[in-house]
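Visitor: Data: model_33.pdb, PDB, C-alpha atoms, pLDDT in the B column.
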ATOM      1  CA  MET A   1     -37.916  40.236 -25.526  1.00 46.00           C
ATOM      2  CA  ASN A   2     -35.814  37.365 -26.795  1.00 51.00           C
ATOM      3  CA  ILE A   3     -36.525  33.879 -25.502  1.00 48.00           C
ATOM      4  CA  GLU A   4     -33.978  31.158 -26.124  1.00 49.00           C
ATOM      5  CA  MET A   5     -35.299  27.650 -26.412  1.00 48.00           C
ATOM      6  CA  ASN A   6     -32.900  24.907 -25.446  1.00 53.00           C
ATOM      7  CA  SER A   7     -33.628  21.783 -27.404  1.00 54.00           C
ATOM      8  CA  VAL A   8     -33.429  18.710 -25.209  1.00 55.00           C
ATOM      9  CA  GLN A   9     -31.660  15.836 -26.884  1.00 59.00           C
ATOM     10  CA  PRO A  10     -33.111  12.421 -26.042  1.00 67.00           C
ATOM     11  CA  ASP A  11     -30.847   9.927 -24.352  1.00 79.00           C
ATOM     12  CA  PRO A  12     -29.266   7.441 -26.764  1.00 87.00           C
ATOM     13  CA  VAL A  13     -30.928   4.065 -27.036  1.00 95.00           C
ATOM     14  CA  SER A  14     -28.722   1.768 -24.947  1.00 97.00           C
ATOM     15  CA  VAL A  15     -28.029  -1.718 -26.290  1.00 98.00           C
ATOM     16  CA  VAL A  16     -25.897  -4.445 -24.755  1.00 98.00           C
ATOM     17  CA  GLY A  17     -24.134  -7.022 -26.885  1.00 98.00           C
ATOM     18  CA  VAL A  18     -23.683 -10.625 -25.736  1.00 98.00           C
ATOM     19  CA  ILE A  19     -20.906 -12.418 -27.618  1.00 98.00           C
ATOM     20  CA  GLY A  20     -21.426 -16.156 -27.953  1.00 97.00           C
ATOM     21  CA  SER A  21     -17.801 -17.129 -28.505  1.00 95.00           C
ATOM     22  CA  LEU A  22     -15.350 -16.958 -25.607  1.00 95.00           C
ATOM     23  CA  ARG A  23     -12.228 -16.778 -27.763  1.00 93.00           C
ATOM     24  CA  LYS A  24     -10.616 -13.328 -27.481  1.00 90.00           C
ATOM     25  CA  ALA A  25     -10.031 -13.031 -31.226  1.00 90.00           C
ATOM     26  CA  SER A  26     -13.314 -14.637 -32.283  1.00 94.00           C
ATOM     27  CA  ALA A  27     -15.102 -13.646 -35.471  1.00 95.00           C
ATOM     28  CA  ASN A  28     -18.153 -12.710 -33.420  1.00 96.00           C
ATOM     29  CA  ARG A  29     -16.132 -10.278 -31.310  1.00 96.00           C
ATOM     30  CA  LEU A  30     -14.706  -8.829 -34.509  1.00 96.00           C
ATOM     31  CA  VAL A  31     -18.220  -8.177 -35.836  1.00 97.00           C
ATOM     32  CA  PHE A  32     -19.315  -6.781 -32.454  1.00 98.00           C
ATOM     33  CA  GLU A  33     -16.393  -4.339 -32.558  1.00 97.00           C
ATOM     34  CA  ALA A  34     -17.412  -3.271 -36.068  1.00 97.00           C
ATOM     35  CA  ALA A  35     -20.985  -2.790 -34.845  1.00 98.00           C
ATOM     36  CA  THR A  36     -19.833  -0.423 -32.072  1.00 97.00           C
ATOM     37  CA  GLU A  37     -18.375   1.785 -34.823  1.00 96.00           C
ATOM     38  CA  LEU A  38     -21.397   1.575 -37.125  1.00 97.00           C
ATOM     39  CA  VAL A  39     -24.292   2.313 -34.758  1.00 96.00           C
ATOM     40  CA  GLU A  40     -26.224   5.499 -35.367  1.00 92.00           C
ATOM     41  CA  ALA A  41     -25.622   8.593 -33.253  1.00 91.00           C
ATOM     42  CA  GLY A  42     -28.767   7.935 -31.207  1.00 93.00           C
ATOM     43  CA  MET A  43     -27.725   4.444 -30.175  1.00 96.00           C
ATOM     44  CA  SER A  44     -24.971   3.050 -27.954  1.00 96.00           C
ATOM     45  CA  LEU A  45     -23.628  -0.507 -27.902  1.00 98.00           C
ATOM     46  CA  MET A  46     -21.659  -1.970 -25.006  1.00 97.00           C
ATOM     47  CA  GLU A  47     -20.673  -5.554 -24.199  1.00 98.00           C
ATOM     48  CA  ALA A  48     -22.247  -7.564 -21.391  1.00 98.00           C
ATOM     49  CA  PRO A  49     -19.483 -10.150 -20.733  1.00 96.00           C
ATOM     50  CA  ILE A  50     -20.399 -13.788 -20.122  1.00 98.00           C
ATOM     51  CA  SER A  51     -16.999 -15.496 -19.992  1.00 96.00           C
ATOM     52  CA  THR A  52     -17.117 -15.968 -16.194  1.00 97.00           C
ATOM     53  CA  VAL A  53     -20.833 -16.754 -15.899  1.00 98.00           C
ATOM     54  CA  PRO A  54     -21.113 -20.317 -14.501  1.00 98.00           C
ATOM     55  CA  PHE A  55     -23.409 -22.886 -16.036  1.00 97.00           C
ATOM     56  CA  TYR A  56     -26.864 -22.601 -14.555  1.00 97.00           C
ATOM     57  CA  ASN A  57     -27.241 -24.716 -11.440  1.00 97.00           C
ATOM     58  CA  GLY A  58     -30.160 -24.477  -9.026  1.00 95.00           C
ATOM     59  CA  ASP A  59     -27.843 -25.144  -6.100  1.00 97.00           C
ATOM     60  CA  ILE A  60     -25.738 -22.107  -7.034  1.00 96.00           C
ATOM     61  CA  GLU A  61     -28.873 -20.024  -7.497  1.00 96.00           C
ATOM     62  CA  GLU A  62     -30.173 -20.983  -4.039  1.00 94.00           C
ATOM     63  CA  ARG A  63     -26.984 -19.594  -2.497  1.00 95.00           C
ATOM     64  CA  GLY A  64     -27.489 -16.331  -4.398  1.00 94.00           C
ATOM     65  CA  ASP A  65     -26.521 -15.271  -7.906  1.00 96.00           C
ATOM     66  CA  PRO A  66     -22.737 -15.048  -8.404  1.00 97.00           C
ATOM     67  CA  ALA A  67     -21.289 -11.590  -9.098  1.00 97.00           C
ATOM     68  CA  SER A  68     -20.905 -12.331 -12.820  1.00 98.00           C
ATOM     69  CA  VAL A  69     -24.572 -13.293 -13.077  1.00 98.00           C
ATOM     70  CA  LEU A  70     -25.703 -10.216 -11.161  1.00 97.00           C
ATOM     71  CA  ALA A  71     -23.603  -8.038 -13.487  1.00 97.00           C
ATOM     72  CA  LEU A  72     -25.088  -9.674 -16.588  1.00 98.00           C
ATOM     73  CA  LYS A  73     -28.643  -9.297 -15.319  1.00 98.00           C
ATOM     74  CA  ALA A  74     -28.047  -5.671 -14.337  1.00 97.00           C
ATOM     75  CA  ALA A  75     -26.560  -4.806 -17.732  1.00 98.00           C
ATOM     76  CA  VAL A  76     -29.514  -6.337 -19.572  1.00 98.00           C
ATOM     77  CA  ARG A  77     -32.117  -4.951 -17.184  1.00 97.00           C
ATOM     78  CA  GLU A  78     -30.743  -1.403 -17.511  1.00 97.00           C
ATOM     79  CA  ALA A  79     -30.397  -1.534 -21.301  1.00 98.00           C
ATOM     80  CA  ASP A  80     -33.126  -0.758 -23.797  1.00 97.00           C
ATOM     81  CA  ALA A  81     -32.321  -3.831 -25.896  1.00 98.00           C
ATOM     82  CA  VAL A  82     -29.923  -6.748 -26.419  1.00 98.00           C
ATOM     83  CA  ILE A  83     -28.037  -8.062 -29.462  1.00 98.00           C
ATOM     84  CA  PHE A  84     -26.646 -11.598 -29.408  1.00 98.00           C
ATOM     85  CA  PHE A  85     -23.609 -12.103 -31.644  1.00 98.00           C
ATOM     86  CA  THR A  86     -23.456 -15.851 -32.126  1.00 97.00           C
ATOM     87  CA  PRO A  87     -21.580 -18.534 -34.010  1.00 95.00           C
ATOM     88  CA  GLU A  88     -23.260 -21.735 -35.149  1.00 93.00           C
ATOM     89  CA  TYR A  89     -21.871 -24.790 -33.392  1.00 92.00           C
ATOM     90  CA  ASN A  90     -22.756 -28.123 -35.000  1.00 90.00           C
ATOM     91  CA  GLY A  91     -25.855 -26.579 -36.510  1.00 87.00           C
ATOM     92  CA  GLY A  92     -27.103 -25.123 -33.253  1.00 91.00           C
ATOM     93  CA  LEU A  93     -26.787 -22.748 -30.354  1.00 95.00           C
ATOM     94  CA  PRO A  94     -23.507 -22.287 -28.442  1.00 96.00           C
ATOM     95  CA  ALA A  95     -23.842 -23.487 -24.858  1.00 97.00           C
ATOM     96  CA  VAL A  96     -22.724 -20.122 -23.456  1.00 97.00           C
ATOM     97  CA  ILE A  97     -25.570 -18.295 -25.242  1.00 97.00           C
ATOM     98  CA  LYS A  98     -28.188 -20.761 -23.976  1.00 97.00           C
ATOM     99  CA  ASN A  99     -26.684 -20.521 -20.504  1.00 98.00           C
ATOM    100  CA  ALA A 100     -26.866 -16.713 -20.546  1.00 98.00           C
ATOM    101  CA  LEU A 101     -30.522 -16.894 -21.575  1.00 98.00           C
ATOM    102  CA  ASP A 102     -31.241 -19.404 -18.796  1.00 98.00           C
ATOM    103  CA  TRP A 103     -29.746 -17.122 -16.135  1.00 98.00           C
ATOM    104  CA  LEU A 104     -31.404 -14.005 -17.571  1.00 98.00           C
ATOM    105  CA  SER A 105     -34.814 -15.646 -17.450  1.00 97.00           C
ATOM    106  CA  ARG A 106     -34.547 -16.355 -13.720  1.00 96.00           C
ATOM    107  CA  ARG A 107     -35.775 -14.107 -10.920  1.00 89.00           C
ATOM    108  CA  SER A 108     -33.354 -12.308  -8.609  1.00 82.00           C
ATOM    109  CA  GLY A 109     -34.861 -11.558  -5.223  1.00 78.00           C
ATOM    110  CA  ASP A 110     -37.847  -9.289  -5.795  1.00 80.00           C
ATOM    111  CA  GLU A 111     -36.934  -8.654  -9.427  1.00 87.00           C
ATOM    112  CA  GLY A 112     -38.318 -10.779 -12.251  1.00 92.00           C
ATOM    113  CA  SER A 113     -36.680 -11.887 -15.464  1.00 96.00           C
ATOM    114  CA  ALA A 114     -34.107  -9.410 -16.781  1.00 97.00           C
ATOM    115  CA  ILE A 115     -34.894 -10.245 -20.407  1.00 98.00           C
ATOM    116  CA  ALA A 116     -38.673 -10.741 -20.581  1.00 97.00           C
ATOM    117  CA  GLY A 117     -40.189  -8.068 -22.807  1.00 96.00           C
ATOM    118  CA  LYS A 118     -36.759  -6.811 -23.908  1.00 97.00           C
ATOM    119  CA  PRO A 119     -36.171  -6.236 -27.654  1.00 98.00           C
ATOM    120  CA  VAL A 120     -33.602  -8.795 -28.825  1.00 98.00           C
ATOM    121  CA  GLY A 121     -31.679  -8.872 -32.095  1.00 98.00           C
ATOM    122  CA  VAL A 122     -29.480 -11.670 -33.447  1.00 98.00           C
ATOM    123  CA  VAL A 123     -26.332 -11.423 -35.555  1.00 98.00           C
ATOM    124  CA  ALA A 124     -24.920 -14.808 -36.585  1.00 96.00           C
ATOM    125  CA  VAL A 125     -21.366 -15.013 -37.900  1.00 95.00           C
ATOM    126  CA  THR A 126     -20.007 -17.932 -39.901  1.00 91.00           C
ATOM    127  CA  PRO A 127     -17.085 -18.903 -42.141  1.00 90.00           C
ATOM    128  CA  GLY A 128     -19.660 -20.682 -44.330  1.00 86.00           C
ATOM    129  CA  ARG A 129     -21.743 -19.233 -47.143  1.00 82.00           C
ATOM    130  CA  HIS A 130     -25.278 -19.764 -45.854  1.00 81.00           C
ATOM    131  CA  GLY A 131     -25.608 -17.104 -43.157  1.00 74.00           C
ATOM    132  CA  ALA A 132     -25.804 -19.497 -40.186  1.00 89.00           C
ATOM    133  CA  THR A 133     -29.529 -19.919 -40.819  1.00 91.00           C
ATOM    134  CA  ARG A 134     -29.905 -22.848 -38.428  1.00 93.00           C
ATOM    135  CA  VAL A 135     -28.613 -21.004 -35.368  1.00 95.00           C
ATOM    136  CA  ARG A 136     -30.730 -17.987 -36.281  1.00 95.00           C
ATOM    137  CA  ASP A 137     -33.792 -20.247 -36.251  1.00 95.00           C
ATOM    138  CA  GLU A 138     -32.705 -21.745 -32.915  1.00 96.00           C
ATOM    139  CA  MET A 139     -32.187 -18.286 -31.457  1.00 96.00           C
ATOM    140  CA  ALA A 140     -35.699 -17.242 -32.493  1.00 97.00           C
ATOM    141  CA  LYS A 141     -37.112 -20.178 -30.509  1.00 97.00           C
ATOM    142  CA  ALA A 142     -34.886 -19.536 -27.492  1.00 97.00           C
ATOM    143  CA  VAL A 143     -35.695 -15.826 -27.392  1.00 97.00           C
ATOM    144  CA  ALA A 144     -39.426 -16.573 -27.579  1.00 97.00           C
ATOM    145  CA  ALA A 145     -39.074 -19.115 -24.754  1.00 97.00           C
ATOM    146  CA  VAL A 146     -37.715 -16.450 -22.378  1.00 97.00           C
ATOM    147  CA  LYS A 147     -40.550 -14.084 -23.433  1.00 97.00           C
ATOM    148  CA  ALA A 148     -38.311 -11.449 -24.996  1.00 98.00           C
ATOM    149  CA  GLU A 149     -39.342  -9.409 -28.056  1.00 97.00           C
ATOM    150  CA  HIS A 150     -37.522 -11.028 -30.963  1.00 97.00           C
ATOM    151  CA  PHE A 151     -36.538  -8.851 -33.936  1.00 97.00           C
ATOM    152  CA  GLU A 152     -37.442 -11.271 -36.722  1.00 95.00           C
ATOM    153  CA  ASN A 153     -35.016  -9.800 -39.254  1.00 96.00           C
ATOM    154  CA  SER A 154     -31.869 -11.448 -37.901  1.00 97.00           C
ATOM    155  CA  LEU A 155     -28.566 -10.862 -39.703  1.00 97.00           C
ATOM    156  CA  GLY A 156     -26.242 -13.526 -41.077  1.00 96.00           C
ATOM    157  CA  VAL A 157     -22.615 -12.555 -41.741  1.00 96.00           C
ATOM    158  CA  SER A 158     -21.200 -15.186 -44.091  1.00 93.00           C
ATOM    159  CA  SER A 159     -17.685 -16.044 -45.328  1.00 93.00           C
ATOM    160  CA  ILE A 160     -16.189 -14.147 -42.416  1.00 94.00           C
ATOM    161  CA  ASN A 161     -12.636 -15.317 -43.163  1.00 92.00           C
ATOM    162  CA  HIS A 162     -12.784 -13.664 -46.581  1.00 93.00           C
ATOM    163  CA  ILE A 163     -14.122 -10.265 -45.495  1.00 93.00           C
ATOM    164  CA  THR A 164     -11.684  -9.436 -42.710  1.00 94.00           C
ATOM    165  CA  GLU A 165      -8.081  -8.297 -42.485  1.00 93.00           C
ATOM    166  CA  ALA A 166      -5.929  -8.256 -39.340  1.00 91.00           C
ATOM    167  CA  GLY A 167      -8.952  -8.790 -37.120  1.00 91.00           C
ATOM    168  CA  VAL A 168     -11.050  -6.038 -38.688  1.00 94.00           C
ATOM    169  CA  LEU A 169     -14.219  -6.284 -40.774  1.00 96.00           C
ATOM    170  CA  VAL A 170     -13.113  -4.494 -43.938  1.00 96.00           C
ATOM    171  CA  ASP A 171     -15.499  -5.632 -46.668  1.00 96.00           C
ATOM    172  CA  PRO A 172     -17.573  -2.562 -47.680  1.00 97.00           C
ATOM    173  CA  GLU A 173     -20.713  -4.580 -48.446  1.00 96.00           C
ATOM    174  CA  ALA A 174     -20.566  -6.467 -45.141  1.00 96.00           C
ATOM    175  CA  ARG A 175     -20.044  -3.233 -43.221  1.00 97.00           C
ATOM    176  CA  GLU A 176     -22.959  -1.561 -44.997  1.00 97.00           C
ATOM    177  CA  ASN A 177     -25.206  -4.573 -44.346  1.00 97.00           C
ATOM    178  CA  LEU A 178     -24.308  -4.427 -40.662  1.00 98.00           C
ATOM    179  CA  ARG A 179     -24.852  -0.654 -40.499  1.00 98.00           C
ATOM    180  CA  ALA A 180     -28.250  -0.981 -42.207  1.00 98.00           C
ATOM    181  CA  TRP A 181     -29.295  -3.842 -39.913  1.00 98.00           C
ATOM    182  CA  LEU A 182     -28.350  -1.838 -36.815  1.00 98.00           C
ATOM    183  CA  ALA A 183     -30.478   1.057 -38.098  1.00 97.00           C
ATOM    184  CA  GLU A 184     -33.410  -1.329 -38.639  1.00 97.00           C
ATOM    185  CA  PHE A 185     -32.991  -2.739 -35.133  1.00 98.00           C
ATOM    186  CA  HIS A 186     -32.897   0.803 -33.763  1.00 97.00           C
ATOM    187  CA  GLY A 187     -36.229   1.414 -35.474  1.00 96.00           C
ATOM    188  CA  PHE A 188     -37.638  -1.803 -34.000  1.00 97.00           C
ATOM    189  CA  ILE A 189     -36.661  -0.680 -30.492  1.00 96.00           C
ATOM    190  CA  ALA A 190     -38.313   2.703 -31.061  1.00 92.00           C
ATOM    191  CA  SER A 191     -41.487   1.064 -32.333  1.00 90.00           C
ATOM    192  CA  ARG A 192     -41.678  -1.142 -29.230  1.00 80.00           C
ATOM    193  CA  GLU A 193     -41.229   1.881 -26.949  1.00 73.00           C
ATOM    194  CA  GLN A 194     -43.948   3.845 -28.767  1.00 69.00           C
ATOM    195  CA  GLY A 195     -46.328   0.915 -28.368  1.00 60.00           C
ATOM    196  CA  GLU A 196     -45.970   0.834 -24.583  1.00 57.00           C
TER     197      GLU A 196
END
As a first step, turn the structure in this file into structure tokens.
Guide:
Amino acid sequence: MNIEMNSVQPDPVSVVGVIGSLRKASANRLVFEAATELVEAGMSLMEAPISTVPFYNGDIEERGDPASVLALKAAVREADAVIFFTPEYNGGLPAVIKNALDWLSRRSGDEGSAIAGKPVGVVAVTPGRHGATRVRDEMAKAVAAVKAEHFENSLGVSSINHITEAGVLVDPEARENLRAWLAEFHGFIASREQGE
């Protein structure tokens, strides 16, 4: 008697990316696009758009979350983890990233914060040579403030203008660093899930 065993493949780890620059051809979008190609087979990466999310305003919230806010919260709530791809503006956090975090931390009806307890990774992209260390530090504080699980090994992508061609991340070392970081973040997500 032959018995066939069907191996059940686990669902891929779902990650949403939040891009902290609204420009269509931004360096952060370029790195996000590279990341979608470099994630491991057991991990998916999709964008959670924030370009139409209004600045947080209690009066707006009282009337009910706008559709763009509801979509952002749903994308984050349904995902296993979040990666913020962020520039460094004047040594700090872009307003759109802080705004997204503010909305995500707020309750919606009977549902609590969409981001509390969620594993969060940070990729900072800069034309400079020092890995956008200041915004990575600011992101660590902001992520802790909304009670998410911060992956301490953030990634800085430096000299972005010298490692791209025609809107594509082409530098082999930069691509390998990004691939390796994504694998480490994948492991961090798995470790959080095993600890639950």
Visitor: If I take atom CA of Arg77 of chain A and atom CA of Gly92 of chain A, how far is one from the other in Å, to one decimal?
Guide: 26.3 Å
Visitor: Counting all atoms listed in the file, give me one row per residue of segment 6-62 of chain A with an atom at most 8 Å from an atom of segment 109-129 of chain A, showing the shortest contact pair and its distance in Å to one decimal, sorted by chain then residue number, as JSON lines.
Guide:
{"residue": "A:Ala27", "atom": "CA", "partner": "A:Val125", "partner_atom": "CA", "distance": 6.9}
{"residue": "A:Asn28", "atom": "CA", "partner": "A:Val125", "partner_atom": "CA", "distance": 6.0}
{"residue": "A:Val31", "atom": "CA", "partner": "A:Val125", "partner_atom": "CA", "distance": 7.8}
Visitor: Pick from A:Ala132, A:Ala35, A:Leu169, A:Ala140: nearest to Gly91 of chain A, with only C-alpha atoms counted?
Guide: A:Ala132
Visitor: Specify as JSON, numbers by chain each residue included when the PyMOL selection byres ((chain A and resi 189-192) around 12) is applied to this file.
Guide: {"A": [12, 13, 14, 15, 42, 43, 79, 80, 81, 82, 83, 117, 118, 119, 120, 121, 148, 149, 150, 151, 182, 183, 184, 185, 186, 187, 188, 193, 194, 195, 196]}
Visitor: In Å, rounded to a single decimal, give me how far atom CA of Ile19 of chain A is from atom CA of Ser158 of chain A.
Guide: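 Between atom CA of Ser158 of chain A and atom CA of Ile19 of chain A the gap works out to 16.7 Å.
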Visitor: Between A:Ser68, A:Ser21, A:Ser105, A:Ser51, which one has atoms that come closest to Val143 of chain A, using all atoms listed in the file?
Guide: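 Once distances to Val143 of chain A are computed over all atoms listed in the file, the minimum belongs to A:Ser105.
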Visitor: Mind telling me what the PyMOL selection byres ((chain A and resi 34) around 10) catches here, as a list in words?
Guide: Asn28, Arg29, Leu30, Val31, Phe32, Glu33, Ala35, Thr36, Glu37, Leu38, Val39, Val168, Leu169, Val170, Arg175, Leu178 and Arg179 of chain A
Visitor: Which of these residues is nearest to Ser108 of chain A, using only C-alpha atoms: A:Pro54, A:Ala145, A:Lys73, A:Ser159?
Guide: A:Lys73
Visitor: Using atom CA of Met46 of chain A and atom CA of Ala25 of chain A as the two end points, give the distance in Å to one decimal.
Guide: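 Computing it gives 17.2 Å between the two atoms.
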Visitor: Name every residue that the PyMOL selection byres ((chain A and resi 101) around 12) selects in this structure, writing the answer as a ChimeraX atom specification with chains first and numbers rising.
Guide: /A:18,20,50,53,55-56,69,72-73,76,82,84,93-100,102-106,113-116,120,139,141-148
Visitor: Please complete segment 149-170 of chain A with N, CA and C atoms and give it back as a PDB file, in the frame of the given file.
Guide:
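Result went into part_28.pdb, see below:
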ATOM      1  N   GLU A 149     -38.749  -9.878 -26.802  1.00 97.00           N
ATOM      2  CA  GLU A 149     -39.342  -9.409 -28.056  1.00 97.00           C
ATOM      3  C   GLU A 149     -38.325  -9.602 -29.182  1.00 97.00           C
ATOM      4  N   HIS A 150     -38.492 -10.672 -29.939  1.00 97.00           N
ATOM      5  CA  HIS A 150     -37.522 -11.028 -30.963  1.00 97.00           C
ATOM      6  C   HIS A 150     -37.672 -10.172 -32.215  1.00 97.00           C
ATOM      7  N   PHE A 151     -36.572  -9.571 -32.660  1.00 97.00           N
ATOM      8  CA  PHE A 151     -36.538  -8.851 -33.936  1.00 97.00           C
ATOM      9  C   PHE A 151     -36.360  -9.903 -35.029  1.00 97.00           C
ATOM     10  N   GLU A 152     -37.418 -10.137 -35.792  1.00 95.00           N
ATOM     11  CA  GLU A 152     -37.442 -11.271 -36.722  1.00 95.00           C
ATOM     12  C   GLU A 152     -36.405 -11.169 -37.835  1.00 95.00           C
ATOM     13  N   ASN A 153     -35.986  -9.967 -38.176  1.00 96.00           N
ATOM     14  CA  ASN A 153     -35.016  -9.800 -39.254  1.00 96.00           C
ATOM     15  C   ASN A 153     -33.597  -9.959 -38.710  1.00 96.00           C
ATOM     16  N   SER A 154     -33.225 -11.199 -38.391  1.00 97.00           N
ATOM     17  CA  SER A 154     -31.869 -11.448 -37.901  1.00 97.00           C
ATOM     18  C   SER A 154     -30.873 -11.273 -39.049  1.00 97.00           C
ATOM     19  N   LEU A 155     -29.608 -11.100 -38.699  1.00 97.00           N
ATOM     20  CA  LEU A 155     -28.566 -10.862 -39.703  1.00 97.00           C
ATOM     21  C   LEU A 155     -27.577 -12.015 -39.725  1.00 97.00           C
ATOM     22  N   GLY A 156     -27.282 -12.526 -40.906  1.00 96.00           N
ATOM     23  CA  GLY A 156     -26.242 -13.526 -41.077  1.00 96.00           C
ATOM     24  C   GLY A 156     -25.036 -12.901 -41.766  1.00 96.00           C
ATOM     25  N   VAL A 157     -23.870 -13.053 -41.160  1.00 96.00           N
ATOM     26  CA  VAL A 157     -22.615 -12.555 -41.741  1.00 96.00           C
ATOM     27  C   VAL A 157     -21.832 -13.771 -42.206  1.00 96.00           C
ATOM     28  N   SER A 158     -21.801 -13.980 -43.514  1.00 93.00           N
ATOM     29  CA  SER A 158     -21.200 -15.186 -44.091  1.00 93.00           C
ATOM     30  C   SER A 158     -19.753 -14.955 -44.532  1.00 93.00           C
ATOM     31  N   SER A 159     -19.055 -16.071 -44.780  1.00 93.00           N
ATOM     32  CA  SER A 159     -17.685 -16.044 -45.328  1.00 93.00           C
ATOM     33  C   SER A 159     -16.785 -15.083 -44.558  1.00 93.00           C
ATOM     34  N   ILE A 160     -16.877 -15.138 -43.237  1.00 94.00           N
ATOM     35  CA  ILE A 160     -16.189 -14.147 -42.416  1.00 94.00           C
ATOM     36  C   ILE A 160     -14.677 -14.128 -42.653  1.00 94.00           C
ATOM     37  N   ASN A 161     -14.085 -15.270 -42.969  1.00 92.00           N
ATOM     38  CA  ASN A 161     -12.636 -15.317 -43.163  1.00 92.00           C
ATOM     39  C   ASN A 161     -12.184 -14.596 -44.427  1.00 92.00           C
ATOM     40  N   HIS A 162     -13.117 -14.321 -45.318  1.00 93.00           N
ATOM     41  CA  HIS A 162     -12.784 -13.664 -46.581  1.00 93.00           C
ATOM     42  C   HIS A 162     -13.117 -12.172 -46.584  1.00 93.00           C
ATOM     43  N   ILE A 163     -13.707 -11.669 -45.507  1.00 93.00           N
ATOM     44  CA  ILE A 163     -14.122 -10.265 -45.495  1.00 93.00           C
ATOM     45  C   ILE A 163     -13.472  -9.490 -44.349  1.00 93.00           C
ATOM     46  N   THR A 164     -12.400 -10.090 -43.802  1.00 94.00           N
ATOM     47  CA  THR A 164     -11.684  -9.436 -42.710  1.00 94.00           C
ATOM     48  C   THR A 164     -10.190  -9.375 -43.022  1.00 94.00           C
ATOM     49  N   GLU A 165      -9.540  -8.418 -42.394  1.00 93.00           N
ATOM     50  CA  GLU A 165      -8.081  -8.297 -42.485  1.00 93.00           C
ATOM     51  C   GLU A 165      -7.556  -7.859 -41.129  1.00 93.00           C
ATOM     52  N   ALA A 166      -6.577  -8.591 -40.622  1.00 91.00           N
ATOM     53  CA  ALA A 166      -5.929  -8.256 -39.340  1.00 91.00           C
ATOM     54  C   ALA A 166      -6.946  -8.018 -38.230  1.00 91.00           C
ATOM     55  N   GLY A 167      -7.969  -8.870 -38.186  1.00 91.00           N
ATOM     56  CA  GLY A 167      -8.952  -8.790 -37.120  1.00 91.00           C
ATOM     57  C   GLY A 167      -9.954  -7.661 -37.253  1.00 91.00           C
ATOM     58  N   VAL A 168     -10.115  -7.141 -38.462  1.00 94.00           N
ATOM     59  CA  VAL A 168     -11.050  -6.038 -38.688  1.00 94.00           C
ATOM     60  C   VAL A 168     -11.975  -6.395 -39.850  1.00 94.00           C
ATOM     61  N   LEU A 169     -13.258  -6.100 -39.690  1.00 96.00           N
ATOM     62  CA  LEU A 169     -14.219  -6.284 -40.774  1.00 96.00           C
ATOM     63  C   LEU A 169     -14.003  -5.166 -41.779  1.00 96.00           C
ATOM     64  N   VAL A 170     -13.489  -5.520 -42.960  1.00 96.00           N
ATOM     65  CA  VAL A 170     -13.113  -4.494 -43.938  1.00 96.00           C
ATOM     66  C   VAL A 170     -13.989  -4.485 -45.179  1.00 96.00           C
TER      67      VAL A 170
END
